[in-house]
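This report refers to the structure that appears directly beneath it.
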Amino acid sequence: MSVSEKKTRIIEPDSLIGKRIPKMDAPEKASGRTRYIHDINLSGQLYGKILRSGRIHALIKSIDTSAARALPGVHVVITAADIPDQRPIGVARDHFPLKVGRVRSQRDEIAAVAAESEEIAEAALKLIKVVYEDLPVISDPEDAIKPGAALIHPEPHGADGTHLHLKQGTSIAHRGKADNIAMRFDYAHGDVVKGEAESDVVIEDTFRLHYVTHCCMGVSGMIAEFDASGNLLMYSNTQVPFLHKREFAEYLNMDPARIRIIQPPIGGGFGSKLDIYPFEIICLFLARAAKRPVKMLFTREEEFLASPTRQPVLLTLRSGCKKDGTLTFRQVHTLHDNGAYTSWGATTPFVMMQTFSSLYRVPHCDYHTAAVYTNNPYAGSFRGYGNLQATFAIEQHMDMMAEAIGMDSLEFRLKNAQDSGETTGQGMVFKSCGFKDCINTAAQRSDYSRKFKENEANRGKPGNIKHGIGMASMLHVGGGAKIYPSDGCGTILKMDDFANVTLITGASEIGQGSETVLSQLVCEELGLPISAITVVNNDTAITPWDVGVHASRTTFIAGNSAIGAAKKAKAKILAVAAKKYDAAEADLDLRGGFVIKAASGEVVVELSKLLRNLHFQDKAELVMTTFYYEPPSVHQGKDFKGDVSAAYAWASQVVEVEVDTDTGMVRMTKITGAHDVGRVLNRLGIEGQIEGGMVMGQGYALTEDLMIVDGVMRNPNFRDYKLVTAPEIPEMDIAFIESMDGEGPQGAKGVGEAPSICIAAAAANAIRNATGVRMFELPFTPEKVYRALHGQTPKRYWKPWKAE
Amino acid sequence: MSLKHDIEFTLNGVKRQASVDVTMNTLAMLRDVIGLTGTKYGCGEGECGACTIQVDGVSLNSCLMFAVDCDGRELTTIEGLANDSKADALREAFVEHGAVQCGFCTPGMIMQADHLLHKHPHADAECVKRGIEGNLCRCTGYKKIVDAIVAAEDGQRTAP
């Protein structure tokens, strides 16, 4: 800072909060200079490739790798037999990275190669001979729970049928499972029988949610290297480096202290990097065996085949209300197609039950999920985490019940909507809650009520284009989620002799803009321009602990942590200035790179000069602080009750569609979103998150459909898996409800997942408004809609079932 | 085991030679032989646009073009836009309008936008949307990308 210090100079108050701050990493990205994992190469690096199963469900009778091993340029070939101490991975520890004795899905890993080039590695894979014995395929979760259904994880047997004595362990991978139920969730509050008895109207419907996948533009990959002392360095795209350090150590049977994870910029996350996948462990096995760095990158086809999906759900919802519009109860049974192995998808009920129990005031709620093994792809975590599925059912039922009792759907929603100060049956405490504001704002801005009636009246009129408008709302965690006993984040902050700040945070940047918003919060505290900060956030050897990027938590948790460190730095600076300039600390402040008198804005000293004075004196000191923020939330017990988040985010979205009744084509013309975000921090960033989420929701509703037939993925490419393209995007009108959360950083709450949650539900309501036809299954492709319009879709009913 | 072919072409204004495998595509040549990694692999099938470059002034998917076909042609990649003032405006507009999130589609998107604006200097939002329909983005929902491209053309490079 070259501004000369004048005693009379006044610095006017200014704030970074709510401004449009460009992403700090955008200039590099826009000039193609950013080095993603795909762009990093280490000297001596080998290339890893994986041989996947040619079958859906089969016994592996034999694997012959001799020809592959003999190919020039091949360094290592591994199968399960080469790693006798392999440990099972995954949320339920039911998954060996290299398959032992049996393959259970299309993507299953049989063998892997590390070679001088990708071409040689691929050529080597073709030389590996595998003999299989096919087994019956279970591709429908309803078949998986039938009595006598074939088991996906029976006790492990070898090729000759004898029991495999795997290294002792109690996991499903070692011992097998006597049924196909991977996980179950049962939750209740109140008494649904009583609730039903009090109801004037009871409706029950089955909803079916499909497979979609993340489609990150950057394919998955990693680089692993063991140094001469056996320490592991990984370049990884994980969203949870600190928890994964511990997990990787478990799988490699090594000390977690010897693992360092560097996270290069990531080509999209959306929840996909929340679990550890077989390719990562296999890459580590290869690097360990080759004693060379090994890089592994997916092809796009592999990205489709071997990435997790959003959790597909079969759901029967029974809801009731009184004639006056009071909700009485909800009963929910869901069947989750777990796929062959268990990842985070199985645990989406954590979020789903929150929506069922607490989005609206429901006195009685009963919720049951069984996630069952099949031979299909397995589901992971994906932006929204079960909430898109739950909201799809609930918000259609809200419209249907309003219709049944002859009440305006808006009035019905407002009557049952939560307010701040309420504690729900599940124990969630709503401190800041702008839900009703969200409903009213979205309705007013979109002219919902007028259009709703007009569209209904126009249904029977001539013309093939019908207009529809529909609403849906959502509740999601907005202040972290205490999934683990700690949901915290650490910060280290240091200031140099020039009053520049280095912010070292545990929170990872995954393209969402956390680096920029954290910088904003720190600079706001320290009265510095955003250009005065450098962020270090990608190396576990440097950064302090953070639970990971998930649950829309980073702005809230890492933000509070960064503010905590900045406040400590500010206190130290003001104390030094007060002493040196004979003033009271309380009368001083930091602004524009200066220490000023708080009342007048008059400059006391340039901050950089003060810091240099502090440094170059007899008792030399630097300004360096640390802070660890742990949110005041509750780790839920087995009854799933407790205030799991420090704050909750709300949103209402109105979707407008045009339905062509001749073709079944649905065009989304406009989305109006009202979001309770606590407070807008970076207007540019939050708009980007919401627009991106809305269009992701549009894809889920209209075009994206990962087609799995008998366990086979039929469309693992962008030609046949249809992402939304630029000409298809709707007009987007976004309103922010600033409820100023008392615990949030500058009043803000999390927003990352919220915008994609309501779109499919609101679109279903809009199609109903346009055509009178209700859609219970996603996605709303022209074929599905056309069939429904012509009465060719038999209404499906899944009889509620729960695991005994 | 592979057949090599020597080619000569202009890359970002500089004449150069390369010896490339006959089965290699231009994307792989740029990234692996020449070492310019701004051009991204997204699908390898011409469906996502992440690998968009300009060849003789026309944008195309470098994953679908054989490297040997670059012989005698003029190639421009995202790195080559560094000295182009029009592209500076585009890049700045992408930054200021929030058109960049994870950034993986961005180089391809900018190459396509640059081509689009040369071809349609007065493109409006609808024209821009059609112009980038072959470039997939999973983060932004496209709106801010369209805003940025329109603004770059208008010379309105300050954020609204």
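Each chain in the structure tokens gets a letter, A, B and so on, in the order shown; residues start at 1 in every chain, and ligands are counted from 1 in the order they appear.
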
Self-check item: Who sits within 10 Å of A:Pro529, only C-alpha atoms, same chain under 2 positions skipped, as a ChimeraX atom specification
Solution: /A:15-16,500,519-520,522-524,526-527,531-533,591-593

Quiz prompt | Those in stretch 587-800 of chain A with helix (DSSP H, G or I) from DSSP, as a PyMOL selection string | solution = chain A and resi 587+607-615+683-703+726-728+745-747+754-756+759-771+782-789

Practice problem: Give me the residues within 10 Å of A:Ile128 as an MDAnalysis selection string, counting only C-alpha atoms and dropping any in the same chain fewer than 5 places off. | Solution: chainID A and resid 51 63:69 77 110:112 123

Take the residues just selected and output them with all heavy atoms as a PDB file, in the first residue's frame.
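Generated output (part19.pdb):
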```
ATOM      1  N   LEU A  51      -9.195 -53.364 -15.419  1.00  0.00           N
ATOM      2  CA  LEU A  51     -10.060 -54.288 -16.168  1.00  0.00           C
ATOM      3  C   LEU A  51     -11.341 -54.468 -15.371  1.00  0.00           C
ATOM      4  O   LEU A  51     -11.314 -54.863 -14.205  1.00  0.00           O
ATOM      5  CB  LEU A  51      -9.380 -55.642 -16.347  1.00  0.00           C
ATOM      6  CG  LEU A  51     -10.233 -56.672 -17.107  1.00  0.00           C
ATOM      7  CD1 LEU A  51     -10.369 -56.293 -18.576  1.00  0.00           C
ATOM      8  CD2 LEU A  51      -9.654 -58.080 -16.976  1.00  0.00           C
ATOM      9  N   ILE A  63      -8.512 -66.270 -13.511  1.00  0.00           N
ATOM     10  CA  ILE A  63      -7.965 -65.070 -14.153  1.00  0.00           C
ATOM     11  C   ILE A  63      -6.538 -65.415 -14.575  1.00  0.00           C
ATOM     12  O   ILE A  63      -5.731 -65.831 -13.750  1.00  0.00           O
ATOM     13  CB  ILE A  63      -7.920 -63.866 -13.185  1.00  0.00           C
ATOM     14  CG1 ILE A  63      -9.285 -63.626 -12.525  1.00  0.00           C
ATOM     15  CG2 ILE A  63      -7.470 -62.607 -13.914  1.00  0.00           C
ATOM     16  CD1 ILE A  63      -9.272 -62.536 -11.456  1.00  0.00           C
ATOM     17  N   ASP A  64      -6.248 -65.209 -15.859  1.00  0.00           N
ATOM     18  CA  ASP A  64      -4.890 -65.469 -16.346  1.00  0.00           C
ATOM     19  C   ASP A  64      -4.273 -64.154 -16.812  1.00  0.00           C
ATOM     20  O   ASP A  64      -4.704 -63.571 -17.804  1.00  0.00           O
ATOM     21  CB  ASP A  64      -4.948 -66.486 -17.497  1.00  0.00           C
ATOM     22  CG  ASP A  64      -3.561 -66.773 -18.066  1.00  0.00           C
ATOM     23  OD1 ASP A  64      -2.562 -66.201 -17.548  1.00  0.00           O
ATOM     24  OD2 ASP A  64      -3.472 -67.543 -19.045  1.00  0.00           O
ATOM     25  N   THR A  65      -3.270 -63.688 -16.074  1.00  0.00           N
ATOM     26  CA  THR A  65      -2.653 -62.396 -16.401  1.00  0.00           C
ATOM     27  C   THR A  65      -1.272 -62.576 -17.034  1.00  0.00           C
ATOM     28  O   THR A  65      -0.555 -61.596 -17.228  1.00  0.00           O
ATOM     29  CB  THR A  65      -2.493 -61.545 -15.127  1.00  0.00           C
ATOM     30  OG1 THR A  65      -1.691 -62.275 -14.198  1.00  0.00           O
ATOM     31  CG2 THR A  65      -3.829 -61.197 -14.508  1.00  0.00           C
ATOM     32  N   SER A  66      -0.909 -63.801 -17.357  1.00  0.00           N
ATOM     33  CA  SER A  66       0.485 -64.043 -17.778  1.00  0.00           C
ATOM     34  C   SER A  66       0.843 -63.273 -19.047  1.00  0.00           C
ATOM     35  O   SER A  66       1.932 -62.688 -19.138  1.00  0.00           O
ATOM     36  CB  SER A  66       0.726 -65.545 -17.967  1.00  0.00           C
ATOM     37  OG  SER A  66      -0.247 -66.078 -18.844  1.00  0.00           O
ATOM     38  N   ALA A  67      -0.048 -63.225 -20.014  1.00  0.00           N
ATOM     39  CA  ALA A  67       0.276 -62.523 -21.269  1.00  0.00           C
ATOM     40  C   ALA A  67       0.406 -61.021 -21.026  1.00  0.00           C
ATOM     41  O   ALA A  67       1.265 -60.356 -21.615  1.00  0.00           O
ATOM     42  CB  ALA A  67      -0.812 -62.796 -22.308  1.00  0.00           C
ATOM     43  N   ALA A  68      -0.450 -60.490 -20.142  1.00  0.00           N
ATOM     44  CA  ALA A  68      -0.372 -59.054 -19.841  1.00  0.00           C
ATOM     45  C   ALA A  68       0.946 -58.731 -19.162  1.00  0.00           C
ATOM     46  O   ALA A  68       1.596 -57.720 -19.466  1.00  0.00           O
ATOM     47  CB  ALA A  68      -1.549 -58.650 -18.955  1.00  0.00           C
ATOM     48  N   ARG A  69       1.349 -59.578 -18.238  1.00  0.00           N
ATOM     49  CA  ARG A  69       2.609 -59.347 -17.514  1.00  0.00           C
ATOM     50  C   ARG A  69       3.795 -59.375 -18.467  1.00  0.00           C
ATOM     51  O   ARG A  69       4.806 -58.713 -18.234  1.00  0.00           O
ATOM     52  CB  ARG A  69       2.810 -60.406 -16.428  1.00  0.00           C
ATOM     53  CG  ARG A  69       1.912 -60.228 -15.208  1.00  0.00           C
ATOM     54  CD  ARG A  69       2.077 -61.373 -14.217  1.00  0.00           C
ATOM     55  NE  ARG A  69       0.881 -61.548 -13.402  1.00  0.00           N
ATOM     56  CZ  ARG A  69       0.658 -60.904 -12.242  1.00  0.00           C
ATOM     57  NH1 ARG A  69       1.564 -60.087 -11.753  1.00  0.00           N
ATOM     58  NH2 ARG A  69      -0.461 -61.123 -11.575  1.00  0.00           N
ATOM     59  N   VAL A  77       0.967 -55.973 -12.811  1.00  0.00           N
ATOM     60  CA  VAL A  77      -0.411 -56.418 -13.027  1.00  0.00           C
ATOM     61  C   VAL A  77      -0.896 -56.978 -11.695  1.00  0.00           C
ATOM     62  O   VAL A  77      -0.194 -57.779 -11.074  1.00  0.00           O
ATOM     63  CB  VAL A  77      -0.505 -57.518 -14.107  1.00  0.00           C
ATOM     64  CG1 VAL A  77      -1.954 -57.953 -14.291  1.00  0.00           C
ATOM     65  CG2 VAL A  77       0.078 -57.041 -15.431  1.00  0.00           C
ATOM     66  N   ILE A 110     -11.641 -56.228 -11.803  1.00  0.00           N
ATOM     67  CA  ILE A 110     -11.095 -57.586 -11.788  1.00  0.00           C
ATOM     68  C   ILE A 110      -9.571 -57.557 -11.628  1.00  0.00           C
ATOM     69  O   ILE A 110      -8.997 -58.347 -10.905  1.00  0.00           O
ATOM     70  CB  ILE A 110     -11.386 -58.297 -13.136  1.00  0.00           C
ATOM     71  CG1 ILE A 110     -12.881 -58.240 -13.455  1.00  0.00           C
ATOM     72  CG2 ILE A 110     -10.841 -59.717 -13.130  1.00  0.00           C
ATOM     73  CD1 ILE A 110     -13.680 -59.372 -12.965  1.00  0.00           C
ATOM     74  N   ALA A 111      -8.955 -56.645 -12.384  1.00  0.00           N
ATOM     75  CA  ALA A 111      -7.485 -56.599 -12.405  1.00  0.00           C
ATOM     76  C   ALA A 111      -7.063 -55.191 -12.772  1.00  0.00           C
ATOM     77  O   ALA A 111      -7.886 -54.393 -13.240  1.00  0.00           O
ATOM     78  CB  ALA A 111      -6.946 -57.593 -13.442  1.00  0.00           C
ATOM     79  N   ALA A 112      -5.794 -54.887 -12.544  1.00  0.00           N
ATOM     80  CA  ALA A 112      -5.299 -53.561 -12.912  1.00  0.00           C
ATOM     81  C   ALA A 112      -3.856 -53.644 -13.363  1.00  0.00           C
ATOM     82  O   ALA A 112      -3.118 -54.555 -12.965  1.00  0.00           O
ATOM     83  CB  ALA A 112      -5.419 -52.599 -11.728  1.00  0.00           C
ATOM     84  N   ALA A 123      -3.586 -52.043 -23.797  1.00  0.00           N
ATOM     85  CA  ALA A 123      -3.274 -53.260 -24.552  1.00  0.00           C
ATOM     86  C   ALA A 123      -3.112 -54.441 -23.593  1.00  0.00           C
ATOM     87  O   ALA A 123      -3.548 -55.565 -23.887  1.00  0.00           O
ATOM     88  CB  ALA A 123      -2.006 -53.054 -25.374  1.00  0.00           C
TER      89      ALA A 123
END
```

Quiz item: Could you list, as a list in words, every residue of chain B that has an atom within 7 Å of an atom of chain A, counting only C-alpha atoms?
Solution: Thr37, Gly38, Gly42, Cys43, Glu47, Ile78, Glu79, Arg91, Val95, Glu96, Gly98, Val100, Gln101, Cys102, Gly103, Phe104, Cys105, Thr106, Pro107, Lys129, Arg130, Ile132, Glu133, Leu136, Arg138, Cys139, Thr140, Gly141 and Tyr142 of chain B

Quiz item: For the atom pair atom CA of A:Val130 and atom CA of A:Arg175, what is the interatomic distance in Å to one decimal place?
Solution: 24.6 Å

Quiz item: With only C-alpha atoms as the basis for distance, which of A:Gly479, A:Ile469, A:Lys784, A:Phe556 is at the shortest distance from A:Thr669?
Solution: A:Ile469

Could you make a table, as a tab-separated table, of the residues of stretch 49-134 of chain B that have an atom within 12 Å of an atom of stretch 24-35 of chain B, each with its nearest atom pair and distance in Å to one decimal, counting only C-alpha atoms, in chain and number order?
```
residue	atom	partner	partner_atom	distance
B:Gly49	CA	B:Leu27	CA	11.5
B:Ala50	CA	B:Leu27	CA	10.2
B:Cys51	CA	B:Leu27	CA	6.7
B:Thr52	CA	B:Leu27	CA	9.0
B:Ile53	CA	B:Leu27	CA	9.0
B:Gln54	CA	B:Thr26	CA	11.4
B:Val55	CA	B:Thr26	CA	10.6
B:Leu60	CA	B:Thr26	CA	10.6
B:Asn61	CA	B:Leu27	CA	8.3
B:Ser62	CA	B:Leu27	CA	4.9
B:Cys63	CA	B:Leu27	CA	5.0
B:Leu64	CA	B:Asn25	CA	6.6
B:Met65	CA	B:Asn25	CA	5.5
B:Phe66	CA	B:Asn25	CA	4.2
B:Ala67	CA	B:Thr26	CA	4.2
B:Val68	CA	B:Met24	CA	7.9
B:Asp69	CA	B:Thr26	CA	8.3
B:Cys70	CA	B:Thr26	CA	7.5
B:Asp71	CA	B:Thr26	CA	10.8
B:Arg73	CA	B:Thr26	CA	12.0
B:Leu75	CA	B:Thr26	CA	10.0
B:Thr76	CA	B:Leu30	CA	10.7
B:Thr77	CA	B:Leu30	CA	8.9
B:Ile78	CA	B:Leu30	CA	11.2
B:Glu79	CA	B:Leu30	CA	10.9
B:Gly108	CA	B:Leu27	CA	11.7
```

May I have the selected residues written with N, CA, C and O atoms, as an mmCIF file, in the first residue's frame?
```cif
data_model
loop_
_atom_site.group_PDB
_atom_site.id
_atom_site.type_symbol
_atom_site.label_atom_id
_atom_site.label_comp_id
_atom_site.auth_asym_id
_atom_site.auth_seq_id
_atom_site.Cartn_x
_atom_site.Cartn_y
_atom_site.Cartn_z
ATOM 1 N N GLY B 49 -17.587 -30.459 -25.882
ATOM 2 C CA GLY B 49 -16.997 -29.176 -26.267
ATOM 3 C C GLY B 49 -15.837 -28.698 -25.412
ATOM 4 O O GLY B 49 -15.298 -27.619 -25.657
ATOM 5 N N ALA B 50 -15.430 -29.479 -24.418
ATOM 6 C CA ALA B 50 -14.343 -29.029 -23.533
ATOM 7 C C ALA B 50 -13.020 -28.905 -24.286
ATOM 8 O O ALA B 50 -12.129 -28.171 -23.861
ATOM 9 N N CYS B 51 -12.902 -29.597 -25.404
ATOM 10 C CA CYS B 51 -11.639 -29.623 -26.153
ATOM 11 C C CYS B 51 -11.681 -28.693 -27.360
ATOM 12 O O CYS B 51 -10.866 -28.828 -28.272
ATOM 13 N N THR B 52 -12.617 -27.732 -27.363
ATOM 14 C CA THR B 52 -12.779 -26.861 -28.532
ATOM 15 C C THR B 52 -11.525 -26.028 -28.804
ATOM 16 O O THR B 52 -10.978 -25.396 -27.897
ATOM 17 N N ILE B 53 -11.070 -26.062 -30.040
ATOM 18 C CA ILE B 53 -9.976 -25.194 -30.499
ATOM 19 C C ILE B 53 -10.440 -24.562 -31.814
ATOM 20 O O ILE B 53 -11.538 -24.842 -32.288
ATOM 21 N N GLN B 54 -9.613 -23.705 -32.383
ATOM 22 C CA GLN B 54 -9.936 -23.154 -33.705
ATOM 23 C C GLN B 54 -8.890 -23.630 -34.704
ATOM 24 O O GLN B 54 -7.694 -23.598 -34.427
ATOM 25 N N VAL B 55 -9.378 -24.105 -35.835
ATOM 26 C CA VAL B 55 -8.500 -24.559 -36.901
ATOM 27 C C VAL B 55 -8.851 -23.756 -38.148
ATOM 28 O O VAL B 55 -10.014 -23.773 -38.585
ATOM 29 N N LEU B 60 -13.692 -26.225 -33.587
ATOM 30 C CA LEU B 60 -14.063 -27.646 -33.679
ATOM 31 C C LEU B 60 -13.569 -28.410 -32.452
ATOM 32 O O LEU B 60 -12.757 -27.920 -31.671
ATOM 33 N N ASN B 61 -14.094 -29.617 -32.317
ATOM 34 C CA ASN B 61 -13.697 -30.479 -31.207
ATOM 35 C C ASN B 61 -12.371 -31.147 -31.556
ATOM 36 O O ASN B 61 -12.316 -31.962 -32.475
ATOM 37 N N SER B 62 -11.327 -30.822 -30.818
ATOM 38 C CA SER B 62 -10.011 -31.362 -31.175
ATOM 39 C C SER B 62 -9.935 -32.866 -30.940
ATOM 40 O O SER B 62 -9.077 -33.539 -31.495
ATOM 41 N N CYS B 63 -10.858 -33.412 -30.158
ATOM 42 C CA CYS B 63 -10.837 -34.869 -29.929
ATOM 43 C C CYS B 63 -11.294 -35.628 -31.169
ATOM 44 O O CYS B 63 -11.046 -36.825 -31.279
ATOM 45 N N LEU B 64 -11.982 -34.944 -32.088
ATOM 46 C CA LEU B 64 -12.504 -35.627 -33.276
ATOM 47 C C LEU B 64 -11.622 -35.428 -34.505
ATOM 48 O O LEU B 64 -11.942 -35.897 -35.586
ATOM 49 N N MET B 65 -10.518 -34.708 -34.338
ATOM 50 C CA MET B 65 -9.658 -34.425 -35.488
ATOM 51 C C MET B 65 -8.348 -35.195 -35.321
ATOM 52 O O MET B 65 -7.697 -35.104 -34.275
ATOM 53 N N PHE B 66 -7.992 -35.954 -36.337
ATOM 54 C CA PHE B 66 -6.714 -36.649 -36.274
ATOM 55 C C PHE B 66 -5.584 -35.626 -36.237
ATOM 56 O O PHE B 66 -5.636 -34.607 -36.934
ATOM 57 N N ALA B 67 -4.587 -35.904 -35.461
ATOM 58 C CA ALA B 67 -3.440 -34.995 -35.363
ATOM 59 C C ALA B 67 -2.783 -34.813 -36.727
ATOM 60 O O ALA B 67 -2.379 -33.706 -37.080
ATOM 61 N N VAL B 68 -2.715 -35.872 -37.511
ATOM 62 C CA VAL B 68 -2.044 -35.760 -38.827
ATOM 63 C C VAL B 68 -2.769 -34.767 -39.732
ATOM 64 O O VAL B 68 -2.166 -34.158 -40.609
ATOM 65 N N ASP B 69 -4.048 -34.570 -39.485
ATOM 66 C CA ASP B 69 -4.813 -33.613 -40.296
ATOM 67 C C ASP B 69 -4.477 -32.163 -39.960
ATOM 68 O O ASP B 69 -4.970 -31.251 -40.623
ATOM 69 N N CYS B 70 -3.677 -31.944 -38.945
ATOM 70 C CA CYS B 70 -3.263 -30.577 -38.618
ATOM 71 C C CYS B 70 -2.190 -30.085 -39.589
ATOM 72 O O CYS B 70 -1.863 -28.890 -39.603
ATOM 73 N N ASP B 71 -1.635 -31.000 -40.368
ATOM 74 C CA ASP B 71 -0.552 -30.648 -41.286
ATOM 75 C C ASP B 71 -0.968 -29.480 -42.186
ATOM 76 O O ASP B 71 -2.008 -29.526 -42.842
ATOM 77 N N ARG B 73 -2.035 -26.565 -41.369
ATOM 78 C CA ARG B 73 -3.141 -25.711 -40.887
ATOM 79 C C ARG B 73 -2.692 -24.750 -39.790
ATOM 80 O O ARG B 73 -1.600 -24.870 -39.243
ATOM 81 N N LEU B 75 -3.615 -23.497 -36.122
ATOM 82 C CA LEU B 75 -4.366 -23.874 -34.923
ATOM 83 C C LEU B 75 -4.289 -22.768 -33.869
ATOM 84 O O LEU B 75 -3.226 -22.186 -33.655
ATOM 85 N N THR B 76 -5.404 -22.515 -33.240
ATOM 86 C CA THR B 76 -5.393 -21.616 -32.089
ATOM 87 C C THR B 76 -6.019 -22.339 -30.906
ATOM 88 O O THR B 76 -7.099 -22.921 -31.024
ATOM 89 N N THR B 77 -5.321 -22.299 -29.758
ATOM 90 C CA THR B 77 -5.856 -22.896 -28.532
ATOM 91 C C THR B 77 -6.087 -21.774 -27.524
ATOM 92 O O THR B 77 -5.739 -20.620 -27.783
ATOM 93 N N ILE B 78 -6.625 -22.135 -26.374
ATOM 94 C CA ILE B 78 -6.883 -21.138 -25.339
ATOM 95 C C ILE B 78 -5.598 -20.374 -24.996
ATOM 96 O O ILE B 78 -5.630 -19.166 -24.750
ATOM 97 N N GLU B 79 -4.464 -21.057 -25.028
ATOM 98 C CA GLU B 79 -3.196 -20.381 -24.723
ATOM 99 C C GLU B 79 -2.893 -19.325 -25.774
ATOM 100 O O GLU B 79 -2.260 -18.312 -25.489
ATOM 101 N N GLY B 108 -12.779 -24.315 -23.391
ATOM 102 C CA GLY B 108 -13.536 -24.690 -24.588
ATOM 103 C C GLY B 108 -14.649 -23.698 -24.866
ATOM 104 O O GLY B 108 -14.923 -23.328 -26.011
#
```

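Note that the spacing between atom CA of A:Thr672 and atom CA of A:Ile734 amounts to 5.9 Å.
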
Practice problem: Using DSSP on the backbone, list every residue of chain B that comes out as strand (DSSP E), and give them as an MDAnalysis selection string. | Solution: chainID B and resid 4:11 14:21 52:55 58:61 74:76

Quiz prompt | Computed interatomic separation between atom CA of A:Ile152 and atom CA of A:Arg383 (Å) | solution =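 That distance, rounded to one decimal, is 28.1 Å.
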
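Distances here use only C-alpha atoms; by that measure, the residue among B:Cys48, B:Ile110, B:Ala151, B:Ala99 closest to B:Ala123 is B:Ala151.
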
Quiz item: Of the residues A:Glu658, A:Glu515, A:Asp408, A:Asp140, which is the one nearest to A:Gly325, using only C-alpha atoms?
Solution: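 Among the listed residues, A:Asp408 lies closest to A:Gly325.
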
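The list of residues with at least one atom within 8 Å of stretch 87-89 of chain B, based on only C-alpha atoms and without residues fewer than 2 positions apart in the same chain, reads Leu81, Ala82, Asn83, Asp84, Ser85, Arg91, Glu92, Ala93, Asp114, Ala152, Gly155 and Arg157 of chain B.
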
Next, the residues of the selection above should be written as a short mmCIF file (atom, residue, chain, number, x, y, z; two decimals), in the first residue's frame with N, CA, C and O atoms.
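Done, and the output landed in again-v6.cif:
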```cif
data_model
loop_
_atom_site.label_atom_id
_atom_site.label_comp_id
_atom_site.auth_asym_id
_atom_site.auth_seq_id
_atom_site.Cartn_x
_atom_site.Cartn_y
_atom_site.Cartn_z
N LEU B 81 -4.99 -17.39 -27.26
CA LEU B 81 -5.81 -16.19 -27.15
C LEU B 81 -5.18 -15.15 -26.22
O LEU B 81 -5.69 -14.05 -26.07
N ALA B 82 -4.05 -15.52 -25.63
CA ALA B 82 -3.40 -14.63 -24.66
C ALA B 82 -3.03 -13.28 -25.26
O ALA B 82 -3.01 -12.27 -24.58
N ASN B 83 -2.74 -13.25 -26.58
CA ASN B 83 -2.30 -11.99 -27.19
C ASN B 83 -3.37 -11.33 -28.04
O ASN B 83 -3.09 -10.48 -28.87
N ASP B 84 -4.62 -11.71 -27.82
CA ASP B 84 -5.71 -11.22 -28.65
C ASP B 84 -6.60 -10.32 -27.79
O ASP B 84 -7.17 -10.75 -26.80
N SER B 85 -6.68 -9.02 -28.17
CA SER B 85 -7.37 -8.08 -27.28
C SER B 85 -8.86 -8.40 -27.19
O SER B 85 -9.49 -8.22 -26.15
N ARG B 91 -12.34 -12.94 -21.83
CA ARG B 91 -11.84 -13.53 -20.59
C ARG B 91 -12.25 -12.69 -19.38
O ARG B 91 -12.73 -13.20 -18.39
N GLU B 92 -12.07 -11.39 -19.53
CA GLU B 92 -12.46 -10.50 -18.43
C GLU B 92 -13.95 -10.59 -18.15
O GLU B 92 -14.38 -10.59 -16.99
N ALA B 93 -14.72 -10.66 -19.21
CA ALA B 93 -16.17 -10.75 -19.03
C ALA B 93 -16.54 -12.05 -18.31
O ALA B 93 -17.41 -12.07 -17.45
N ASP B 114 -15.34 -17.07 -28.72
CA ASP B 114 -14.48 -16.22 -29.55
C ASP B 114 -14.82 -16.42 -31.03
O ASP B 114 -14.97 -15.46 -31.79
N ALA B 152 -19.27 -9.06 -23.40
CA ALA B 152 -17.95 -8.89 -24.03
C ALA B 152 -18.13 -8.23 -25.39
O ALA B 152 -17.35 -7.35 -25.77
N GLY B 155 -19.02 -4.64 -25.14
CA GLY B 155 -18.00 -3.81 -24.53
C GLY B 155 -18.38 -3.39 -23.12
O GLY B 155 -17.73 -2.59 -22.49
N ARG B 157 -18.02 -4.47 -20.08
CA ARG B 157 -17.30 -5.51 -19.37
C ARG B 157 -17.33 -5.34 -17.86
O ARG B 157 -16.74 -6.10 -17.14
#
```

Quiz item: Quick one: of A:Phe452, A:Thr213, A:Gln746, A:His635, who's nearest to A:Glu704, counting only C-alpha atoms?
Solution: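 The shortest atom-to-atom distance to A:Glu704 comes from A:Thr213.
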
Quiz item: Which residues, written as an MDAnalysis selection string, have at least one atom at most 12 Å from B:His120, with only C-alpha atoms counted and residues fewer than 4 positions away on the same chain left out?
Solution: chainID B and resid 112:116 124:128 130:131 149:150 153
